[in-house]
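Working notes for the structure below.
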Amino acid sequence: MHAVEKKVRAFVRVKPTAQFAQDVIKFGPDNKSIDIYIKKDAKKGVVNNKQTDWSFKLDGVLHNTSQELTYETVAKKLVSEALVGYNGTIMCYGQTGAGKTYTMTGATAEYKHRGIIPRAVQQVFKAITRSVDSFITVRISYLEIYNETLCDLLSTMTSSGASDVQMAIVDCPQGVYVKGLSIHSVSDEEDALNLLFEGETNRVIAEHTLNKNSSRSHCIFTIYIQSRFRVLSDVRCINSKINLIDLAGSERLSKTGSEGRVLKEAAYINKSLSFLEQIIIALADPKREHIPFRQSKLTHVLKDSLGGKCNTVLVANICGEALHVEETLSSLRFATRMKWITTEPVINVTYDSEGTVKALEKEISLLKQELAMHDSLVNRSSVTYDPLTDVQVAEIKSQIHKYLQGDIDEIDLTVHSMEFITVYQIPLSSKQYMHLQSSTV
């Protein structure tokens, strides 16, 4: 199937606040543009050439939008396409405390505050209940990248708090995967949400000035979908996955006041996000031959999502206060660069040869049963449809040779298998004789 190039879709979601800077942040009437205005600093004198206004064009601006509308706008189409075989990635990016985790996971206080992940799970299983011509299986994994270390949020931990399994990112012809990451089968929405909540309790969080529950790691919740269809005698398999990514927030240390362990975590977070931005710039450059995906664990894991055959959507989360305008500008620049990237989504279809063989064997068995029933009705119950045994083959050959040598006048065989024409005391004609003679040479 031919791939069609598609641009990465980028949205901006503004965190609600009572101190929204209306004189700094302006939204376009089409809800697809956002303008930033900063007053000139009078202290820097009359001659001041520093830029004071910026305009950004995106696929949508989500301001004062509900979780439901956010999902409808950002994720619903991507999940629908994943159900027919396209891989998909949704990524939340932005400064710390801008609402990335709320957008991706939501809040447990009220049902309406569910985020993208639980709503995507619900959409997948609703589609499964409506499907009548396929067999669909769903599996879940939850990966955390903490201080450049891969962690399985759903693995069985040892007494020391670490997993026994060593994980590594592996490149293969089918794409990138994490060796050692546990993948769990789920039968319904409740099973999948239980795994989500289990993983959430294992995430690393910390408190600093801007966020009491700051995520200290990048997390990737993946839904794997396999659909199996019967097409004539073949079993067609459609495999897809949805990566739902909650990136750790970028931090200005002068604002967060981080120290000790939190300071070290911030350094790792900022470094990996810097590498991610470098990848975005490289992918947008048509003259660039090498893309350094291996610079960090995050960029390596996202190789398929950013430069591969995948539908990709970015949600840039920003704060609406004037205090955070520099971080807002940084997030909007990143979102704009993401829109430069093109991907080539394709339906992931394979044909299960083992399943096809089993299906054919079953079909043969049913046909034999049907023939046996027919034979019993016409008094041919002695006929079987199994292959000839070695003894039967030897007996046939023996009688043919005897006939050709003139030792017997007739071939007298009672063969009870449809693999050989049944003969009952039938003298051979000259034509049949010549055929047998030529077949035994």
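The chains in the structure tokens are called A, B, ... from first to last as shown; in each chain the residues are counted from 1, and the ligands are counted from 1 in the order shown.
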Give me the residues of segment 327-412 of chain A that have any atom at most 8 Å from an atom of segment 81-87 of chain A; for each, the nearest atom pair and the distance in Å, rounded to one decimal. Use only C-alpha atoms, sort by chain and number, and format it as a Markdown table.
```
| residue | atom | partner | partner_atom | distance |
| --- | --- | --- | --- | --- |
| A:Pro345 | CA | A:Tyr86 | CA | 6.4 |
| A:Val346 | CA | A:Tyr86 | CA | 5.9 |
| A:Ile347 | CA | A:Gly85 | CA | 4.6 |
| A:Asn348 | CA | A:Gly85 | CA | 5.4 |
| A:Val349 | CA | A:Gly85 | CA | 7.2 |
```
* To do: Have a look at atom CA of Ile220 of chain A and atom CA of Leu153 of chain A and let me know their distance in Å, one decimal.
  => 9.8 Å
* For Asn317 of chain A: contacts at 10 Å, only C-alpha atoms, fewer than 4 positions along chain excluded, given as a count of residues only -> 22
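Minimum atom-to-atom distance to Ser330 of chain A, evaluated using only C-alpha atoms, belongs to A:Leu273 out of A:Ser185, A:Lys287, A:Leu273, A:Asp409.
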* To do: Enumerate the residues of segment 153-358 of chain A with a DSSP assignment of helix (DSSP H, G or I), computed from the backbone, and present them as a VMD selection string.
  => chain A and resid 189 to 202 253 to 256 260 to 284 293 to 295 297 to 301 303 to 307 322 to 338 353 to 358
* Considering only C-alpha atoms, return as a list in words whatever protein or nucleic-acid residues lie within 10 Å of Lys271 of chain A, sequence-local ones (same chain, fewer than 3 positions apart) excluded. =>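 Near neighbours after the sequence-gap exclusion: Asn147, Glu148, Ser250, Glu265, Ala266, Ala267, Tyr268, Ser274, Phe275, Leu276, Glu277 and Ser296 of chain A.
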Save out the residues we just selected, N, CA and C atoms, as a tab-separated table (two decimals), in the first residue's frame.
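Everything below was put into part27.tsv:
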```tsv
chain	number	residue	atom	x	y	z
A	147	ASN	N	15.87	10.02	34.22
A	147	ASN	CA	17.32	10.27	34.25
A	147	ASN	C	18.06	9.37	33.26
A	148	GLU	N	17.52	9.28	32.03
A	148	GLU	CA	18.12	8.48	30.95
A	148	GLU	C	18.15	6.99	31.26
A	250	SER	N	9.74	21.21	30.83
A	250	SER	CA	10.98	21.98	30.85
A	250	SER	C	10.96	22.93	32.04
A	265	GLU	N	17.43	15.88	38.40
A	265	GLU	CA	16.35	15.45	37.51
A	265	GLU	C	16.05	16.51	36.47
A	266	ALA	N	16.02	17.78	36.91
A	266	ALA	CA	15.74	18.88	35.99
A	266	ALA	C	16.80	18.96	34.89
A	267	ALA	N	18.04	18.71	35.26
A	267	ALA	CA	19.13	18.75	34.27
A	267	ALA	C	18.92	17.66	33.20
A	268	TYR	N	18.55	16.47	33.63
A	268	TYR	CA	18.28	15.37	32.67
A	268	TYR	C	17.08	15.69	31.79
A	274	SER	N	16.07	19.18	24.99
A	274	SER	CA	16.94	19.89	24.05
A	274	SER	C	17.30	19.00	22.87
A	275	PHE	N	17.62	17.73	23.17
A	275	PHE	CA	17.91	16.77	22.10
A	275	PHE	C	16.68	16.56	21.22
A	276	LEU	N	15.51	16.52	21.85
A	276	LEU	CA	14.26	16.34	21.09
A	276	LEU	C	14.07	17.50	20.12
A	277	GLU	N	14.34	18.71	20.57
A	277	GLU	CA	14.19	19.87	19.69
A	277	GLU	C	15.19	19.82	18.55
A	296	SER	N	19.57	10.43	22.70
A	296	SER	CA	18.99	10.20	24.03
A	296	SER	C	18.00	9.06	23.95
```
* To do: If you run DSSP over the backbone, which residues in segment 166-400 of chain A end up strand (DSSP E)? Put them as a ChimeraX atom specification.
  => /A:168-172,175-179,184-186,205-208,211-215,218-231,234-246,310-319,342-343,349-351
* Asked: Leaving out Leu306 of chain A and any residue of its chain fewer than 3 positions from it, which residues lie within 10 Å of it when counting only C-alpha atoms, given as a list in words?
  ->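 Residues near the query, excluding close chain neighbours: Val8, Thr89, Leu276, Ile279, Ile280, Leu283, Phe293, Thr299, His300, Val301, Leu302, Lys303, Lys309, Cys310, Asn311, Thr312, Val313, Met338, Ile341, Thr342 and Thr343 of chain A.
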* Asked: Of the candidates A:Glu144, A:Asp23, A:Glu5, A:Asp390, which shows the shortest atom-to-atom distance to Leu298 of chain A, using only C-alpha atoms?
  -> A:Glu144
* Spatial neighbours of Ala282 of chain A, max dist 7 Å, only C-alpha atoms, sep filter under 4 positions, as number ranges by chain -> A: 278, 288, 291
With only C-alpha atoms as the counted atoms, please give the residues lying no more than 9 Å from segment 131-141 of chain A, apart from itself and same-chain residues fewer than 3 positions off, as a PDB file with N, CA, C and O atoms, in the first residue's frame.
```pdb
ATOM      1  N   VAL A 124     -11.465   2.529  22.062  1.00  0.00           N
ATOM      2  CA  VAL A 124     -11.002   1.261  21.487  1.00  0.00           C
ATOM      3  C   VAL A 124     -11.958   0.127  21.825  1.00  0.00           C
ATOM      4  O   VAL A 124     -12.383  -0.642  20.950  1.00  0.00           O
ATOM      5  N   PHE A 125     -12.339   0.017  23.086  1.00  0.00           N
ATOM      6  CA  PHE A 125     -13.185  -1.109  23.491  1.00  0.00           C
ATOM      7  C   PHE A 125     -14.631  -0.940  23.020  1.00  0.00           C
ATOM      8  O   PHE A 125     -15.325  -1.931  22.780  1.00  0.00           O
ATOM      9  N   LYS A 126     -15.089   0.282  22.862  1.00  0.00           N
ATOM     10  CA  LYS A 126     -16.410   0.477  22.269  1.00  0.00           C
ATOM     11  C   LYS A 126     -16.413   0.001  20.823  1.00  0.00           C
ATOM     12  O   LYS A 126     -17.384  -0.613  20.354  1.00  0.00           O
ATOM     13  N   ALA A 127     -15.320   0.270  20.114  1.00  0.00           N
ATOM     14  CA  ALA A 127     -15.218  -0.177  18.724  1.00  0.00           C
ATOM     15  C   ALA A 127     -15.172  -1.699  18.639  1.00  0.00           C
ATOM     16  O   ALA A 127     -15.733  -2.304  17.715  1.00  0.00           O
ATOM     17  N   ILE A 128     -14.519  -2.324  19.610  1.00  0.00           N
ATOM     18  CA  ILE A 128     -14.420  -3.788  19.615  1.00  0.00           C
ATOM     19  C   ILE A 128     -15.798  -4.418  19.796  1.00  0.00           C
ATOM     20  O   ILE A 128     -16.133  -5.415  19.141  1.00  0.00           O
ATOM     21  N   ASP A 152      10.158   0.078  33.571  1.00  0.00           N
ATOM     22  CA  ASP A 152       8.867  -0.524  33.239  1.00  0.00           C
ATOM     23  C   ASP A 152       7.905  -0.271  34.397  1.00  0.00           C
ATOM     24  O   ASP A 152       8.062  -0.838  35.476  1.00  0.00           O
ATOM     25  N   LEU A 153       6.917   0.580  34.193  1.00  0.00           N
ATOM     26  CA  LEU A 153       5.989   0.939  35.264  1.00  0.00           C
ATOM     27  C   LEU A 153       5.019  -0.188  35.612  1.00  0.00           C
ATOM     28  O   LEU A 153       4.312  -0.102  36.613  1.00  0.00           O
ATOM     29  N   LEU A 154       4.993  -1.253  34.811  1.00  0.00           N
ATOM     30  CA  LEU A 154       4.081  -2.367  35.070  1.00  0.00           C
ATOM     31  C   LEU A 154       4.821  -3.661  35.380  1.00  0.00           C
ATOM     32  O   LEU A 154       4.219  -4.731  35.414  1.00  0.00           O
ATOM     33  N   LEU A 181      10.533  -4.799  27.891  1.00  0.00           N
ATOM     34  CA  LEU A 181       9.346  -4.097  28.383  1.00  0.00           C
ATOM     35  C   LEU A 181       8.165  -5.056  28.414  1.00  0.00           C
ATOM     36  O   LEU A 181       7.861  -5.710  27.418  1.00  0.00           O
ATOM     37  N   SER A 182       7.500  -5.154  29.551  1.00  0.00           N
ATOM     38  CA  SER A 182       6.363  -6.079  29.669  1.00  0.00           C
ATOM     39  C   SER A 182       5.143  -5.521  28.946  1.00  0.00           C
ATOM     40  O   SER A 182       4.865  -4.323  28.991  1.00  0.00           O
ATOM     41  N   ILE A 183       4.443  -6.415  28.250  1.00  0.00           N
ATOM     42  CA  ILE A 183       3.224  -6.045  27.512  1.00  0.00           C
ATOM     43  C   ILE A 183       2.103  -6.942  28.021  1.00  0.00           C
ATOM     44  O   ILE A 183       2.234  -8.165  28.018  1.00  0.00           O
ATOM     45  N   HIS A 184       1.002  -6.341  28.463  1.00  0.00           N
ATOM     46  CA  HIS A 184      -0.055  -7.062  29.168  1.00  0.00           C
ATOM     47  C   HIS A 184      -1.345  -7.104  28.348  1.00  0.00           C
ATOM     48  O   HIS A 184      -1.817  -6.072  27.870  1.00  0.00           O
ATOM     49  N   SER A 185      -1.896  -8.300  28.214  1.00  0.00           N
ATOM     50  CA  SER A 185      -3.174  -8.455  27.518  1.00  0.00           C
ATOM     51  C   SER A 185      -4.312  -7.969  28.415  1.00  0.00           C
ATOM     52  O   SER A 185      -4.302  -8.214  29.622  1.00  0.00           O
ATOM     53  N   VAL A 186      -5.265  -7.286  27.817  1.00  0.00           N
ATOM     54  CA  VAL A 186      -6.432  -6.805  28.565  1.00  0.00           C
ATOM     55  C   VAL A 186      -7.686  -7.212  27.802  1.00  0.00           C
ATOM     56  O   VAL A 186      -7.722  -7.202  26.569  1.00  0.00           O
ATOM     57  N   SER A 187      -8.715  -7.562  28.552  1.00  0.00           N
ATOM     58  CA  SER A 187      -9.944  -8.046  27.927  1.00  0.00           C
ATOM     59  C   SER A 187     -11.052  -6.999  27.889  1.00  0.00           C
ATOM     60  O   SER A 187     -12.023  -7.143  27.152  1.00  0.00           O
ATOM     61  N   ASP A 188     -10.900  -5.957  28.690  1.00  0.00           N
ATOM     62  CA  ASP A 188     -11.934  -4.917  28.686  1.00  0.00           C
ATOM     63  C   ASP A 188     -11.350  -3.602  29.177  1.00  0.00           C
ATOM     64  O   ASP A 188     -10.174  -3.517  29.556  1.00  0.00           O
ATOM     65  N   ALA A 192      -7.654  -2.406  31.378  1.00  0.00           N
ATOM     66  CA  ALA A 192      -6.686  -1.430  30.864  1.00  0.00           C
ATOM     67  C   ALA A 192      -6.512  -0.259  31.834  1.00  0.00           C
ATOM     68  O   ALA A 192      -5.386   0.199  32.081  1.00  0.00           O
ATOM     69  N   LEU A 195      -4.350  -1.086  34.811  1.00  0.00           N
ATOM     70  CA  LEU A 195      -2.916  -1.017  34.498  1.00  0.00           C
ATOM     71  C   LEU A 195      -2.448   0.431  34.450  1.00  0.00           C
ATOM     72  O   LEU A 195      -1.336   0.741  34.906  1.00  0.00           O
ATOM     73  N   LEU A 196      -3.282   1.324  33.918  1.00  0.00           N
ATOM     74  CA  LEU A 196      -2.922   2.739  33.899  1.00  0.00           C
ATOM     75  C   LEU A 196      -2.723   3.260  35.316  1.00  0.00           C
ATOM     76  O   LEU A 196      -1.715   3.928  35.612  1.00  0.00           O
ATOM     77  N   ILE A 220       5.433   6.891  28.538  1.00  0.00           N
ATOM     78  CA  ILE A 220       4.798   6.487  27.276  1.00  0.00           C
ATOM     79  C   ILE A 220       3.854   5.323  27.558  1.00  0.00           C
ATOM     80  O   ILE A 220       4.292   4.211  27.867  1.00  0.00           O
ATOM     81  N   PHE A 221       2.556   5.584  27.466  1.00  0.00           N
ATOM     82  CA  PHE A 221       1.531   4.561  27.622  1.00  0.00           C
ATOM     83  C   PHE A 221       1.152   4.096  26.215  1.00  0.00           C
ATOM     84  O   PHE A 221       0.740   4.900  25.380  1.00  0.00           O
ATOM     85  N   THR A 222       1.305   2.806  25.947  1.00  0.00           N
ATOM     86  CA  THR A 222       1.087   2.289  24.591  1.00  0.00           C
ATOM     87  C   THR A 222      -0.050   1.282  24.565  1.00  0.00           C
ATOM     88  O   THR A 222      -0.111   0.374  25.401  1.00  0.00           O
ATOM     89  N   ILE A 223      -0.950   1.460  23.612  1.00  0.00           N
ATOM     90  CA  ILE A 223      -2.048   0.521  23.369  1.00  0.00           C
ATOM     91  C   ILE A 223      -1.746  -0.221  22.067  1.00  0.00           C
ATOM     92  O   ILE A 223      -1.616   0.402  21.005  1.00  0.00           O
ATOM     93  N   TYR A 224      -1.590  -1.545  22.154  1.00  0.00           N
ATOM     94  CA  TYR A 224      -1.324  -2.368  20.972  1.00  0.00           C
ATOM     95  C   TYR A 224      -2.637  -3.037  20.546  1.00  0.00           C
ATOM     96  O   TYR A 224      -3.318  -3.661  21.370  1.00  0.00           O
ATOM     97  N   ILE A 225      -2.967  -2.908  19.271  1.00  0.00           N
ATOM     98  CA  ILE A 225      -4.226  -3.460  18.751  1.00  0.00           C
ATOM     99  C   ILE A 225      -3.914  -4.438  17.622  1.00  0.00           C
ATOM    100  O   ILE A 225      -3.185  -4.092  16.685  1.00  0.00           O
ATOM    101  N   GLN A 226      -4.464  -5.634  17.720  1.00  0.00           N
ATOM    102  CA  GLN A 226      -4.328  -6.611  16.631  1.00  0.00           C
ATOM    103  C   GLN A 226      -5.715  -7.077  16.206  1.00  0.00           C
ATOM    104  O   GLN A 226      -6.497  -7.552  17.027  1.00  0.00           O
ATOM    105  N   SER A 227      -6.009  -6.929  14.927  1.00  0.00           N
ATOM    106  CA  SER A 227      -7.287  -7.379  14.369  1.00  0.00           C
ATOM    107  C   SER A 227      -7.016  -8.489  13.371  1.00  0.00           C
ATOM    108  O   SER A 227      -6.142  -8.365  12.519  1.00  0.00           O
ATOM    109  N   ARG A 228      -7.779  -9.574  13.485  1.00  0.00           N
ATOM    110  CA  ARG A 228      -7.616 -10.716  12.585  1.00  0.00           C
ATOM    111  C   ARG A 228      -8.904 -10.912  11.796  1.00  0.00           C
ATOM    112  O   ARG A 228      -9.988 -11.028  12.370  1.00  0.00           O
ATOM    113  N   PHE A 229      -8.751 -10.951  10.458  1.00  0.00           N
ATOM    114  CA  PHE A 229      -9.888 -11.117   9.557  1.00  0.00           C
ATOM    115  C   PHE A 229      -9.682 -12.365   8.708  1.00  0.00           C
ATOM    116  O   PHE A 229      -8.555 -12.718   8.371  1.00  0.00           O
ATOM    117  N   ARG A 230     -10.774 -13.013   8.339  1.00  0.00           N
ATOM    118  CA  ARG A 230     -10.720 -14.127   7.399  1.00  0.00           C
ATOM    119  C   ARG A 230     -11.026 -13.587   6.005  1.00  0.00           C
ATOM    120  O   ARG A 230     -12.107 -13.058   5.749  1.00  0.00           O
TER     121      ARG A 230
END
```
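One finds atom CA of Met104 of chain A at 16.2 Å from atom CA of Val204 of chain A.
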* Among the residues A:Met91, A:Leu329, A:Ile38, A:Val165, the one that comes closest to Ala21 of chain A [using only C-alpha atoms] ->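 Closest residue, counting only C-alpha atoms: A:Ile38.
Of note, atom CA of Val393 of chain A and atom CA of Ser376 of chain A are spaced 25.0 Å apart.
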* When distances are computed from only C-alpha atoms, which of A:Ile318, A:Val61, A:Ile145, A:Val79 shows the smallest separation from Lys297 of chain A? ->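 Between A:Ile318, A:Val61, A:Ile145, A:Val79, the residue approaching Lys297 of chain A most closely is A:Ile145.
If you measure from each of A:Gln405, A:Thr73, A:Thr129, A:Thr108 to Glu200 of chain A using only C-alpha atoms, the closest one turns out to be A:Thr108.
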